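Structure below is start36.pdb: PDB, C-alpha atoms, pLDDT in the B column.
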ATOM      1  CA  ARG A  12      22.812 -51.000  12.622  1.00 51.00           C
ATOM      2  CA  GLN A  13      22.518 -47.380  13.758  1.00 48.00           C
ATOM      3  CA  VAL A  14      19.443 -48.283  15.799  1.00 47.00           C
ATOM      4  CA  ARG A  15      21.259 -51.111  17.571  1.00 52.00           C
ATOM      5  CA  ARG A  16      24.096 -48.724  18.444  1.00 50.00           C
ATOM      6  CA  GLY A  17      21.620 -46.305  19.957  1.00 52.00           C
ATOM      7  CA  ARG A  18      22.520 -43.462  17.588  1.00 56.00           C
ATOM      8  CA  TRP A  19      18.991 -42.998  16.233  1.00 52.00           C
ATOM      9  CA  GLY A  20      15.846 -42.184  18.081  1.00 61.00           C
ATOM     10  CA  ILE A  21      12.329 -42.898  16.841  1.00 62.00           C
ATOM     11  CA  ALA A  22      12.386 -39.755  14.675  1.00 64.00           C
ATOM     12  CA  GLY A  23      15.582 -40.904  12.982  1.00 56.00           C
ATOM     13  CA  VAL A  24      14.156 -44.340  12.307  1.00 54.00           C
ATOM     14  CA  ARG A  25      11.074 -42.786  10.745  1.00 62.00           C
ATOM     15  CA  ARG A  26      13.161 -40.513   8.523  1.00 64.00           C
ATOM     16  CA  ALA A  27      15.255 -43.457   7.361  1.00 61.00           C
ATOM     17  CA  ALA A  28      12.146 -45.518   6.675  1.00 61.00           C
ATOM     18  CA  ALA A  29      10.652 -42.669   4.630  1.00 65.00           C
ATOM     19  CA  VAL A  30      13.823 -42.388   2.530  1.00 65.00           C
ATOM     20  CA  LEU A  31      13.887 -46.153   2.002  1.00 65.00           C
ATOM     21  CA  GLU A  32      10.225 -46.184   0.960  1.00 69.00           C
ATOM     22  CA  ARG A  33      10.759 -43.292  -1.463  1.00 69.00           C
ATOM     23  CA  ASN A  34      13.785 -44.949  -3.057  1.00 75.00           C
ATOM     24  CA  LEU A  35      12.069 -48.314  -3.367  1.00 79.00           C
ATOM     25  CA  VAL A  36       9.013 -46.799  -5.052  1.00 80.00           C
ATOM     26  CA  ARG A  37      11.173 -44.667  -7.364  1.00 83.00           C
ATOM     27  CA  ASP A  38      13.493 -47.521  -8.337  1.00 86.00           C
ATOM     28  CA  ASP A  39      10.671 -50.026  -8.842  1.00 84.00           C
ATOM     29  CA  ALA A  40       8.771 -47.552 -11.034  1.00 85.00           C
ATOM     30  CA  ALA A  41      11.886 -46.963 -13.144  1.00 88.00           C
ATOM     31  CA  ALA A  42      12.478 -50.701 -13.511  1.00 87.00           C
ATOM     32  CA  LEU A  43       8.884 -51.267 -14.607  1.00 86.00           C
ATOM     33  CA  ARG A  44       8.979 -48.399 -17.109  1.00 88.00           C
ATOM     34  CA  SER A  45      12.139 -49.786 -18.676  1.00 90.00           C
ATOM     35  CA  ARG A  46      10.247 -52.990 -19.520  1.00 89.00           C
ATOM     36  CA  LEU A  47       7.062 -51.471 -20.946  1.00 90.00           C
ATOM     37  CA  SER A  48       8.236 -52.103 -24.502  1.00 89.00           C
ATOM     38  CA  GLU A  49       8.093 -55.842 -23.791  1.00 90.00           C
ATOM     39  CA  VAL A  50       4.286 -55.713 -23.429  1.00 89.00           C
ATOM     40  CA  SER A  51       2.543 -56.400 -26.733  1.00 89.00           C
ATOM     41  CA  SER A  52      -1.085 -55.865 -25.640  1.00 90.00           C
ATOM     42  CA  ALA A  53      -2.066 -52.187 -26.004  1.00 92.00           C
ATOM     43  CA  ASP A  54      -4.672 -52.369 -23.227  1.00 89.00           C
ATOM     44  CA  ARG A  55      -2.273 -54.084 -20.858  1.00 89.00           C
ATOM     45  CA  ARG A  56       0.472 -51.574 -21.657  1.00 91.00           C
ATOM     46  CA  ALA A  57      -1.866 -48.597 -21.103  1.00 90.00           C
ATOM     47  CA  TRP A  58      -2.923 -49.968 -17.711  1.00 88.00           C
ATOM     48  CA  LEU A  59       0.699 -50.523 -16.686  1.00 89.00           C
ATOM     49  CA  GLU A  60       1.647 -47.036 -17.902  1.00 91.00           C
ATOM     50  CA  ALA A  61      -1.033 -45.485 -15.682  1.00 90.00           C
ATOM     51  CA  GLN A  62       0.108 -47.527 -12.669  1.00 89.00           C
ATOM     52  CA  ILE A  63       3.751 -46.596 -13.226  1.00 90.00           C
ATOM     53  CA  ALA A  64       2.869 -42.893 -13.563  1.00 91.00           C
ATOM     54  CA  ALA A  65       1.078 -43.142 -10.201  1.00 90.00           C
ATOM     55  CA  PHE A  66       4.128 -44.752  -8.576  1.00 88.00           C
ATOM     56  CA  GLU A  67       6.402 -42.049 -10.004  1.00 91.00           C
ATOM     57  CA  THR A  68       4.104 -39.375  -8.592  1.00 91.00           C
ATOM     58  CA  TRP A  69       4.051 -41.142  -5.237  1.00 87.00           C
ATOM     59  CA  ALA A  70       7.860 -41.243  -5.162  1.00 88.00           C
ATOM     60  CA  ALA A  71       8.029 -37.557  -6.054  1.00 89.00           C
ATOM     61  CA  GLU A  72       5.639 -36.669  -3.247  1.00 87.00           C
ATOM     62  CA  LEU A  73       7.652 -38.743  -0.764  1.00 83.00           C
ATOM     63  CA  ALA A  74      10.740 -36.832  -1.908  1.00 83.00           C
ATOM     64  CA  GLY A  75       9.051 -33.557  -0.964  1.00 86.00           C
ATOM     65  CA  ALA A  76       7.768 -32.359  -4.331  1.00 87.00           C
ATOM     66  CA  SER A  77       5.041 -29.731  -4.054  1.00 91.00           C
ATOM     67  CA  ILE A  78       2.206 -30.860  -6.316  1.00 91.00           C
ATOM     68  CA  PRO A  79      -1.121 -28.953  -6.371  1.00 94.00           C
ATOM     69  CA  TYR A  80      -3.897 -31.078  -4.886  1.00 93.00           C
ATOM     70  CA  LEU A  81      -6.055 -31.534  -7.989  1.00 93.00           C
ATOM     71  CA  GLU A  82      -3.016 -32.375 -10.105  1.00 93.00           C
ATOM     72  CA  LEU A  83      -1.783 -34.787  -7.441  1.00 92.00           C
ATOM     73  CA  VAL A  84      -5.082 -36.687  -7.370  1.00 91.00           C
ATOM     74  CA  GLU A  85      -5.198 -36.857 -11.157  1.00 92.00           C
ATOM     75  CA  ARG A  86      -1.630 -38.129 -11.424  1.00 90.00           C
ATOM     76  CA  LEU A  87      -2.151 -40.702  -8.657  1.00 90.00           C
ATOM     77  CA  TYR A  88      -5.561 -42.014  -9.729  1.00 89.00           C
ATOM     78  CA  GLY A  89      -6.183 -40.922 -13.298  1.00 88.00           C
ATOM     79  CA  VAL A  90      -9.326 -39.019 -12.321  1.00 88.00           C
ATOM     80  CA  ARG A  91      -9.798 -35.334 -11.480  1.00 89.00           C
ATOM     81  CA  PRO A  92     -12.162 -34.591  -8.595  1.00 88.00           C
ATOM     82  CA  THR A  93     -14.946 -32.057  -9.042  1.00 90.00           C
ATOM     83  CA  ARG A  94     -15.774 -29.747  -6.169  1.00 90.00           C
ATOM     84  CA  ARG A  95     -19.356 -29.940  -4.974  1.00 93.00           C
ATOM     85  CA  ASP A  96     -21.215 -26.716  -4.317  1.00 95.00           C
ATOM     86  CA  GLU A  97     -21.788 -26.124  -0.614  1.00 96.00           C
ATOM     87  CA  ALA A  98     -25.483 -25.731  -1.391  1.00 97.00           C
ATOM     88  CA  VAL A  99     -25.659 -29.497  -2.005  1.00 96.00           C
ATOM     89  CA  PHE A 100     -24.575 -30.200   1.572  1.00 96.00           C
ATOM     90  CA  ASP A 101     -26.781 -27.459   2.987  1.00 96.00           C
ATOM     91  CA  ALA A 102     -29.764 -29.034   1.236  1.00 97.00           C
ATOM     92  CA  ALA A 103     -28.863 -32.479   2.612  1.00 96.00           C
ATOM     93  CA  ALA A 104     -28.563 -31.078   6.144  1.00 95.00           C
ATOM     94  CA  GLY A 105     -31.937 -29.401   5.759  1.00 95.00           C
ATOM     95  CA  GLU A 106     -33.551 -32.643   4.626  1.00 96.00           C
ATOM     96  CA  LEU A 107     -32.061 -34.485   7.608  1.00 94.00           C
ATOM     97  CA  GLY A 108     -33.377 -31.798   9.927  1.00 94.00           C
ATOM     98  CA  ARG A 109     -36.894 -32.255   8.572  1.00 95.00           C
ATOM     99  CA  ARG A 110     -36.823 -36.042   8.906  1.00 95.00           C
ATOM    100  CA  LEU A 111     -35.154 -36.485  12.315  1.00 94.00           C
ATOM    101  CA  PRO A 112     -37.090 -36.184  15.602  1.00 92.00           C
ATOM    102  CA  SER A 113     -37.023 -32.598  16.887  1.00 89.00           C
ATOM    103  CA  GLY A 114     -35.054 -31.301  19.890  1.00 87.00           C
ATOM    104  CA  GLY A 115     -31.404 -30.236  20.052  1.00 90.00           C
ATOM    105  CA  THR A 116     -28.838 -29.535  17.369  1.00 94.00           C
ATOM    106  CA  LEU A 117     -28.773 -31.483  14.130  1.00 95.00           C
ATOM    107  CA  VAL A 118     -25.562 -33.213  15.241  1.00 94.00           C
ATOM    108  CA  ASP A 119     -27.115 -34.327  18.545  1.00 94.00           C
ATOM    109  CA  ARG A 120     -30.338 -35.467  16.880  1.00 94.00           C
ATOM    110  CA  LEU A 121     -28.451 -37.507  14.298  1.00 93.00           C
ATOM    111  CA  ALA A 122     -26.264 -39.084  17.000  1.00 92.00           C
ATOM    112  CA  ALA A 123     -29.359 -40.033  19.010  1.00 93.00           C
ATOM    113  CA  TRP A 124     -30.932 -41.603  15.908  1.00 93.00           C
ATOM    114  CA  ASP A 125     -27.760 -43.555  15.084  1.00 92.00           C
ATOM    115  CA  ALA A 126     -27.503 -44.841  18.668  1.00 93.00           C
ATOM    116  CA  ARG A 127     -30.733 -46.790  18.130  1.00 94.00           C
ATOM    117  CA  PHE A 128     -28.953 -49.021  15.614  1.00 95.00           C
ATOM    118  CA  VAL A 129     -25.753 -49.945  17.479  1.00 95.00           C
ATOM    119  CA  VAL A 130     -25.138 -53.692  17.248  1.00 95.00           C
ATOM    120  CA  ASP A 131     -24.270 -55.595  20.439  1.00 95.00           C
ATOM    121  CA  ILE A 132     -20.727 -56.964  20.026  1.00 95.00           C
ATOM    122  CA  ALA A 133     -21.879 -60.371  21.284  1.00 95.00           C
ATOM    123  CA  ARG A 134     -24.279 -60.603  18.342  1.00 95.00           C
ATOM    124  CA  LEU A 135     -21.864 -59.227  15.779  1.00 96.00           C
ATOM    125  CA  PRO A 136     -20.119 -62.465  14.626  1.00 95.00           C
ATOM    126  CA  ALA A 137     -23.372 -64.283  13.827  1.00 96.00           C
ATOM    127  CA  LEU A 138     -24.923 -61.228  12.192  1.00 96.00           C
ATOM    128  CA  ALA A 139     -21.797 -60.537  10.098  1.00 96.00           C
ATOM    129  CA  ALA A 140     -21.655 -64.173   8.972  1.00 96.00           C
ATOM    130  CA  TRP A 141     -25.327 -64.108   7.921  1.00 96.00           C
ATOM    131  CA  LEU A 142     -24.928 -60.828   6.043  1.00 96.00           C
ATOM    132  CA  THR A 143     -21.752 -62.010   4.303  1.00 96.00           C
ATOM    133  CA  ALA A 144     -23.453 -65.206   3.118  1.00 96.00           C
ATOM    134  CA  ASP A 145     -26.461 -63.263   1.858  1.00 97.00           C
ATOM    135  CA  LEU A 146     -24.298 -60.704   0.047  1.00 96.00           C
ATOM    136  CA  ARG A 147     -22.220 -63.482  -1.502  1.00 96.00           C
ATOM    137  CA  ALA A 148     -25.369 -65.084  -2.910  1.00 96.00           C
ATOM    138  CA  ARG A 149     -26.440 -61.740  -4.371  1.00 96.00           C
ATOM    139  CA  ALA A 150     -22.981 -61.108  -5.856  1.00 95.00           C
ATOM    140  CA  SER A 151     -22.927 -64.621  -7.304  1.00 96.00           C
ATOM    141  CA  HIS A 152     -26.247 -64.024  -9.050  1.00 95.00           C
ATOM    142  CA  ARG A 153     -25.209 -60.639 -10.436  1.00 94.00           C
ATOM    143  CA  PHE A 154     -21.472 -60.958 -11.096  1.00 92.00           C
ATOM    144  CA  GLY A 155     -20.519 -64.564 -10.462  1.00 95.00           C
ATOM    145  CA  VAL A 156     -17.887 -65.678  -7.937  1.00 95.00           C
ATOM    146  CA  PRO A 157     -14.803 -67.804  -8.704  1.00 95.00           C
ATOM    147  CA  ASP A 158     -14.576 -71.362  -7.432  1.00 94.00           C
ATOM    148  CA  GLY A 159     -12.994 -71.715  -4.016  1.00 93.00           C
ATOM    149  CA  ASP A 160     -13.433 -68.132  -2.835  1.00 95.00           C
ATOM    150  CA  ALA A 161     -13.901 -67.609   0.905  1.00 95.00           C
ATOM    151  CA  VAL A 162     -14.155 -64.741   3.384  1.00 96.00           C
ATOM    152  CA  ARG A 163     -13.727 -64.762   7.149  1.00 95.00           C
ATOM    153  CA  VAL A 164     -14.813 -61.869   9.372  1.00 96.00           C
ATOM    154  CA  CYS A 165     -12.733 -60.961  12.444  1.00 96.00           C
ATOM    155  CA  LEU A 166     -13.304 -58.463  15.256  1.00 97.00           C
ATOM    156  CA  VAL A 167     -10.297 -56.251  15.985  1.00 96.00           C
ATOM    157  CA  ARG A 168      -9.292 -53.239  18.067  1.00 96.00           C
ATOM    158  CA  GLY A 169      -6.698 -50.497  17.880  1.00 94.00           C
ATOM    159  CA  GLN A 170      -7.358 -49.416  14.282  1.00 93.00           C
ATOM    160  CA  VAL A 171      -8.275 -46.045  12.777  1.00 90.00           C
ATOM    161  CA  TRP A 172     -10.848 -47.450  10.325  1.00 90.00           C
ATOM    162  CA  SER A 173     -14.216 -49.103  10.920  1.00 92.00           C
ATOM    163  CA  GLY A 174     -13.600 -52.014   8.551  1.00 93.00           C
ATOM    164  CA  TYR A 175     -10.939 -53.298   6.170  1.00 92.00           C
ATOM    165  CA  CYS A 176     -10.476 -56.179   3.734  1.00 93.00           C
ATOM    166  CA  TRP A 177      -7.132 -57.986   3.632  1.00 93.00           C
ATOM    167  CA  TYR A 178      -6.711 -60.206   0.582  1.00 92.00           C
ATOM    168  CA  ASP A 179      -4.778 -63.308   1.690  1.00 93.00           C
ATOM    169  CA  GLY A 180      -4.382 -64.870  -1.760  1.00 92.00           C
ATOM    170  CA  GLY A 181      -5.763 -68.163  -2.931  1.00 93.00           C
ATOM    171  CA  ARG A 182      -9.126 -66.406  -3.524  1.00 95.00           C
ATOM    172  CA  THR A 183      -9.547 -65.869   0.223  1.00 96.00           C
ATOM    173  CA  SER A 184      -9.788 -62.698   2.306  1.00 96.00           C
ATOM    174  CA  ARG A 185     -10.085 -61.562   5.901  1.00 96.00           C
ATOM    175  CA  VAL A 186     -12.451 -58.699   6.710  1.00 96.00           C
ATOM    176  CA  ASP A 187     -11.696 -56.938   9.993  1.00 96.00           C
ATOM    177  CA  LEU A 188     -14.368 -54.993  11.875  1.00 96.00           C
ATOM    178  CA  ASN A 189     -13.107 -52.470  14.432  1.00 96.00           C
ATOM    179  CA  VAL A 190     -15.123 -52.905  17.630  1.00 95.00           C
ATOM    180  CA  ASP A 191     -13.418 -49.953  19.334  1.00 95.00           C
ATOM    181  CA  LEU A 192     -15.991 -47.925  17.392  1.00 93.00           C
ATOM    182  CA  PRO A 193     -19.757 -48.364  17.706  1.00 94.00           C
ATOM    183  CA  VAL A 194     -20.942 -50.699  14.961  1.00 95.00           C
ATOM    184  CA  HIS A 195     -24.172 -49.311  13.518  1.00 94.00           C
ATOM    185  CA  LEU A 196     -26.351 -51.727  11.581  1.00 95.00           C
ATOM    186  CA  PRO A 197     -26.633 -49.565   8.416  1.00 93.00           C
ATOM    187  CA  ASN A 198     -22.841 -49.079   8.403  1.00 93.00           C
ATOM    188  CA  LEU A 199     -22.280 -52.798   8.954  1.00 96.00           C
ATOM    189  CA  ILE A 200     -24.378 -53.612   5.898  1.00 95.00           C
ATOM    190  CA  GLU A 201     -22.513 -50.982   3.877  1.00 93.00           C
ATOM    191  CA  THR A 202     -19.094 -52.245   5.030  1.00 94.00           C
ATOM    192  CA  LEU A 203     -19.819 -55.882   4.202  1.00 94.00           C
ATOM    193  CA  ALA A 204     -21.351 -54.909   0.862  1.00 92.00           C
ATOM    194  CA  HIS A 205     -18.259 -52.814   0.077  1.00 91.00           C
ATOM    195  CA  GLU A 206     -15.360 -54.934   1.362  1.00 92.00           C
ATOM    196  CA  PRO A 207     -16.092 -58.584   0.420  1.00 93.00           C
ATOM    197  CA  TYR A 208     -19.153 -58.787  -1.883  1.00 92.00           C
ATOM    198  CA  ALA A 209     -18.933 -57.000  -4.199  1.00 84.00           C
ATOM    199  CA  GLY A 210     -15.733 -55.214  -3.318  1.00 89.00           C
ATOM    200  CA  PRO A 211     -11.966 -55.675  -3.004  1.00 90.00           C
ATOM    201  CA  HIS A 212     -12.275 -59.365  -2.112  1.00 93.00           C
ATOM    202  CA  LEU A 213     -14.323 -60.257  -5.165  1.00 93.00           C
ATOM    203  CA  GLU A 214     -12.148 -58.016  -7.355  1.00 91.00           C
ATOM    204  CA  HIS A 215      -8.916 -59.713  -6.267  1.00 92.00           C
ATOM    205  CA  ALA A 216     -10.398 -63.216  -6.324  1.00 94.00           C
ATOM    206  CA  TRP A 217     -11.526 -62.775  -9.938  1.00 94.00           C
ATOM    207  CA  LYS A 218      -8.193 -61.190 -10.910  1.00 92.00           C
ATOM    208  CA  GLU A 219      -6.361 -64.157  -9.438  1.00 94.00           C
ATOM    209  CA  ALA A 220      -8.674 -66.576 -11.249  1.00 93.00           C
ATOM    210  CA  GLU A 221      -8.624 -64.870 -14.651  1.00 90.00           C
ATOM    211  CA  PRO A 222      -5.771 -62.508 -15.627  1.00 89.00           C
ATOM    212  CA  VAL A 223      -3.225 -64.085 -13.235  1.00 90.00           C
ATOM    213  CA  GLU A 224      -3.976 -67.806 -13.486  1.00 91.00           C
ATOM    214  CA  GLY A 225      -5.781 -67.634 -16.812  1.00 90.00           C
ATOM    215  CA  THR A 226      -3.455 -65.447 -18.891  1.00 88.00           C
ATOM    216  CA  GLY A 227      -0.329 -65.078 -16.768  1.00 88.00           C
ATOM    217  CA  TRP A 228      -0.645 -61.313 -16.230  1.00 87.00           C
ATOM    218  CA  LEU A 229       1.077 -61.341 -12.860  1.00 85.00           C
ATOM    219  CA  GLU A 230       0.795 -57.568 -12.396  1.00 84.00           C
ATOM    220  CA  ALA A 231      -2.944 -58.056 -11.765  1.00 84.00           C
ATOM    221  CA  SER A 232      -2.014 -59.638  -8.420  1.00 84.00           C
ATOM    222  CA  GLY A 233      -0.526 -56.360  -7.174  1.00 80.00           C
ATOM    223  CA  LEU A 234      -2.365 -54.606  -4.352  1.00 80.00           C
ATOM    224  CA  SER A 235      -1.828 -50.856  -4.663  1.00 80.00           C
ATOM    225  CA  VAL A 236      -3.834 -47.994  -3.181  1.00 80.00           C
ATOM    226  CA  VAL A 237      -2.734 -45.646  -5.978  1.00 81.00           C
ATOM    227  CA  GLY A 238      -3.291 -45.816  -9.717  1.00 82.00           C
ATOM    228  CA  PRO A 239      -6.334 -47.130 -11.614  1.00 78.00           C
ATOM    229  CA  ARG A 240      -6.418 -50.192  -9.370  1.00 78.00           C
ATOM    230  CA  GLY A 241      -7.014 -47.985  -6.350  1.00 79.00           C
ATOM    231  CA  VAL A 242      -9.987 -46.308  -8.029  1.00 81.00           C
ATOM    232  CA  VAL A 243     -11.591 -49.648  -8.909  1.00 77.00           C
ATOM    233  CA  GLY A 244     -10.859 -51.296  -5.570  1.00 73.00           C
ATOM    234  CA  GLY A 245     -11.795 -48.390  -3.317  1.00 72.00           C
ATOM    235  CA  GLY A 246     -14.605 -46.858  -5.296  1.00 61.00           C
ATOM    236  CA  THR A 247     -12.739 -43.557  -5.044  1.00 40.00           C
TER     237      THR A 247
END
Please express the file's structure as structure tokens.
Amino acid sequence: RQVRRGRWGIAGVRRAAAVLERNLVRDDAAALRSRLSEVSSADRRAWLEAQIAAFETWAAELAGASIPYLELVERLYGVRPTRRDEAVFDAAAGELGRRLPSGGTLVDRLAAWDARFVVDIARLPALAAWLTADLRARASHRFGVPDGDAVRVCLVRGQVWSGYCWYDGGRTSRVDLNVDLPVHLPNLIETLAHEPYAGPHLEHAWKEAEPVEGTGWLEASGLSVVGPRGVVGGGT
């Protein structure tokens, strides 16, 4: 209403949206916690408890709480990151320097090497379809795939990521590849091995087939980037 009356600018709309998001997350987390006692399965209850704790932390952060980084990660994901010694990265850079063709800085040499593997956009749909089918066959052999699963690959622009999997439900997903960025063949293989098979698509398809349809655990259909689900789905 305030927007229609012209009383809020873009900044005001964003502030209002942030408050609304914070309140929704906080209230939903409180509502879920109030019903935990209804869950008889200990494993199911523990999983829900961890998800709710992540939502409560998220709401607190949106409200402006100052939470130290390591504690924040642990409360959001249930894992505590370990800092890698800088010597590990120095050793990796040294190994790259020895393997790449000489001439120029390491950054320039690596960029020149990567440029050799940029995929022509015109060839991308057919190549992505072939790779997806091959990866699905491999995932089926190793993990199994539920009946009726399907993935479609789309080329998009105007995104900040190189690739993303959107689960559409019904054991189907859409994987978007951002063609505003150069698509390197090694990264394309990695993206399609991570997003659909075996990745978020296969995870959600099996969850829909088993805990949701099989046992009625509807919370398994939730798509959240925080909590234990985020660690499993994103390989954090």
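Excluding Leu166 (chain A) itself and same-chain residues fewer than 5 positions from it, the residues having an atom within 7 Å of it are Asp187, Leu188, Asn189 and Val190 of chain A, counting only C-alpha atoms.
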key: Reference answer for the PyMOL selection byres ((chain A and resi 228) around 12), as a ChimeraX atom specification   = /A:50,52,55-56,58-59,218-227,229-233
Give me the result of the PyMOL selection byres ((chain A and resi 245) around 12) on this file, residue by residue, as an mmCIF file with C-alpha atoms, keeping the file's coordinate frame.
data_model
loop_
_atom_site.group_PDB
_atom_site.id
_atom_site.type_symbol
_atom_site.label_atom_id
_atom_site.label_comp_id
_atom_site.auth_asym_id
_atom_site.auth_seq_id
_atom_site.Cartn_x
_atom_site.Cartn_y
_atom_site.Cartn_z
ATOM 1 C CA TYR A 88 -5.561 -42.014 -9.729
ATOM 2 C CA TYR A 175 -10.939 -53.298 6.170
ATOM 3 C CA CYS A 176 -10.476 -56.179 3.734
ATOM 4 C CA THR A 202 -19.094 -52.245 5.030
ATOM 5 C CA HIS A 205 -18.259 -52.814 0.077
ATOM 6 C CA GLU A 206 -15.360 -54.934 1.362
ATOM 7 C CA PRO A 207 -16.092 -58.584 0.420
ATOM 8 C CA ALA A 209 -18.933 -57.000 -4.199
ATOM 9 C CA GLY A 210 -15.733 -55.214 -3.318
ATOM 10 C CA PRO A 211 -11.966 -55.675 -3.004
ATOM 11 C CA HIS A 212 -12.275 -59.365 -2.112
ATOM 12 C CA GLU A 214 -12.148 -58.016 -7.355
ATOM 13 C CA LEU A 234 -2.365 -54.606 -4.352
ATOM 14 C CA SER A 235 -1.828 -50.856 -4.663
ATOM 15 C CA VAL A 236 -3.834 -47.994 -3.181
ATOM 16 C CA VAL A 237 -2.734 -45.646 -5.978
ATOM 17 C CA GLY A 238 -3.291 -45.816 -9.717
ATOM 18 C CA PRO A 239 -6.334 -47.130 -11.614
ATOM 19 C CA ARG A 240 -6.418 -50.192 -9.370
ATOM 20 C CA GLY A 241 -7.014 -47.985 -6.350
ATOM 21 C CA VAL A 242 -9.987 -46.308 -8.029
ATOM 22 C CA VAL A 243 -11.591 -49.648 -8.909
ATOM 23 C CA GLY A 244 -10.859 -51.296 -5.570
ATOM 24 C CA GLY A 246 -14.605 -46.858 -5.296
ATOM 25 C CA THR A 247 -12.739 -43.557 -5.044
#
task = Between A:Ala104, A:Val130, A:Asp54, A:Ala65, single out the one closest to Val118 (chain A), counting all atoms listed in the file.
result = A:Ala104
request  = Let me know the residues the PyMOL selection byres ((chain A and resi 133-150) around 12) catches in the file above, as a VMD selection string.
outcome  = chain A and resid 129 to 132 151 to 157 160 to 167 174 185 to 190 193 to 210 212 to 214
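Note that CA of Pro112 (chain A) and CA of Asp125 (chain A) are 11.9 Å apart.
A straight line drawn from CA of Ala76 (chain A) to CA of Arg94 (chain A) is 23.8 Å long.
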message = Show me, as an NGL selection string, the residues that have an atom within 9 Å of Trp69 (chain A) when counting only C-alpha atoms, minus same-chain residues fewer than 6 positions from it.
response = :A and (33 or 36-37 or 83 or 86-87 or 237)
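Interatomic distance, CA of Val90 (chain A) against CA of Glu67 (chain A): 16.2 Å.
Using only C-alpha atoms, the smallest distance between any of A:Arg168, A:Arg44, A:Arg182, A:Arg91 and Phe66 (chain A) comes from A:Arg44.
When all atoms listed in the file are used to measure the gap to Ala71 (chain A), the shortest distance among A:Leu35, A:Leu47, A:Val99, A:Leu117 belongs to A:Leu35.
Checking A:Leu192, A:His215, A:Ser113, A:Asp38 one by one against Gly180 (chain A), counting all atoms listed in the file, you find the shortest gap at A:His215.
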Could you add the missing atoms to region 110-125 of chain A, up to N, CA and C atoms, and return them as a PDB file, in the coordinates of the input?
ATOM      1  N   ARG A 110     -36.447 -34.645   8.711  1.00 95.00           N
ATOM      2  CA  ARG A 110     -36.823 -36.042   8.906  1.00 95.00           C
ATOM      3  C   ARG A 110     -36.530 -36.567  10.314  1.00 95.00           C
ATOM      4  N   LEU A 111     -35.519 -36.000  10.995  1.00 94.00           N
ATOM      5  CA  LEU A 111     -35.154 -36.485  12.315  1.00 94.00           C
ATOM      6  C   LEU A 111     -36.114 -35.960  13.374  1.00 94.00           C
ATOM      7  N   PRO A 112     -36.285 -36.702  14.490  1.00 92.00           N
ATOM      8  CA  PRO A 112     -37.090 -36.184  15.602  1.00 92.00           C
ATOM      9  C   PRO A 112     -36.555 -34.835  16.073  1.00 92.00           C
ATOM     10  N   SER A 113     -37.420 -33.955  16.493  1.00 89.00           N
ATOM     11  CA  SER A 113     -37.023 -32.598  16.887  1.00 89.00           C
ATOM     12  C   SER A 113     -36.359 -32.612  18.263  1.00 89.00           C
ATOM     13  N   GLY A 114     -35.682 -31.462  18.584  1.00 87.00           N
ATOM     14  CA  GLY A 114     -35.054 -31.301  19.890  1.00 87.00           C
ATOM     15  C   GLY A 114     -33.545 -31.370  19.815  1.00 87.00           C
ATOM     16  N   GLY A 115     -32.861 -30.240  20.064  1.00 90.00           N
ATOM     17  CA  GLY A 115     -31.404 -30.236  20.052  1.00 90.00           C
ATOM     18  C   GLY A 115     -30.843 -29.865  18.690  1.00 90.00           C
ATOM     19  N   THR A 116     -29.508 -29.854  18.626  1.00 94.00           N
ATOM     20  CA  THR A 116     -28.838 -29.535  17.369  1.00 94.00           C
ATOM     21  C   THR A 116     -28.966 -30.711  16.400  1.00 94.00           C
ATOM     22  N   LEU A 117     -28.700 -30.429  15.135  1.00 95.00           N
ATOM     23  CA  LEU A 117     -28.773 -31.483  14.130  1.00 95.00           C
ATOM     24  C   LEU A 117     -27.772 -32.601  14.441  1.00 95.00           C
ATOM     25  N   VAL A 118     -26.583 -32.211  14.906  1.00 94.00           N
ATOM     26  CA  VAL A 118     -25.562 -33.213  15.241  1.00 94.00           C
ATOM     27  C   VAL A 118     -26.043 -34.120  16.361  1.00 94.00           C
ATOM     28  N   ASP A 119     -26.629 -33.533  17.415  1.00 94.00           N
ATOM     29  CA  ASP A 119     -27.115 -34.327  18.545  1.00 94.00           C
ATOM     30  C   ASP A 119     -28.291 -35.211  18.135  1.00 94.00           C
ATOM     31  N   ARG A 120     -29.173 -34.687  17.319  1.00 94.00           N
ATOM     32  CA  ARG A 120     -30.338 -35.467  16.880  1.00 94.00           C
ATOM     33  C   ARG A 120     -29.924 -36.648  16.017  1.00 94.00           C
ATOM     34  N   LEU A 121     -28.924 -36.422  15.150  1.00 93.00           N
ATOM     35  CA  LEU A 121     -28.451 -37.507  14.298  1.00 93.00           C
ATOM     36  C   LEU A 121     -27.737 -38.568  15.129  1.00 93.00           C
ATOM     37  N   ALA A 122     -26.957 -38.132  16.129  1.00 92.00           N
ATOM     38  CA  ALA A 122     -26.264 -39.084  17.000  1.00 92.00           C
ATOM     39  C   ALA A 122     -27.259 -39.927  17.791  1.00 92.00           C
ATOM     40  N   ALA A 123     -28.337 -39.296  18.263  1.00 93.00           N
ATOM     41  CA  ALA A 123     -29.359 -40.033  19.010  1.00 93.00           C
ATOM     42  C   ALA A 123     -30.050 -41.049  18.108  1.00 93.00           C
ATOM     43  N   TRP A 124     -30.299 -40.679  16.860  1.00 93.00           N
ATOM     44  CA  TRP A 124     -30.932 -41.603  15.908  1.00 93.00           C
ATOM     45  C   TRP A 124     -30.005 -42.797  15.618  1.00 93.00           C
ATOM     46  N   ASP A 125     -28.722 -42.498  15.385  1.00 92.00           N
ATOM     47  CA  ASP A 125     -27.760 -43.555  15.084  1.00 92.00           C
ATOM     48  C   ASP A 125     -27.612 -44.526  16.252  1.00 92.00           C
TER      49      ASP A 125
END
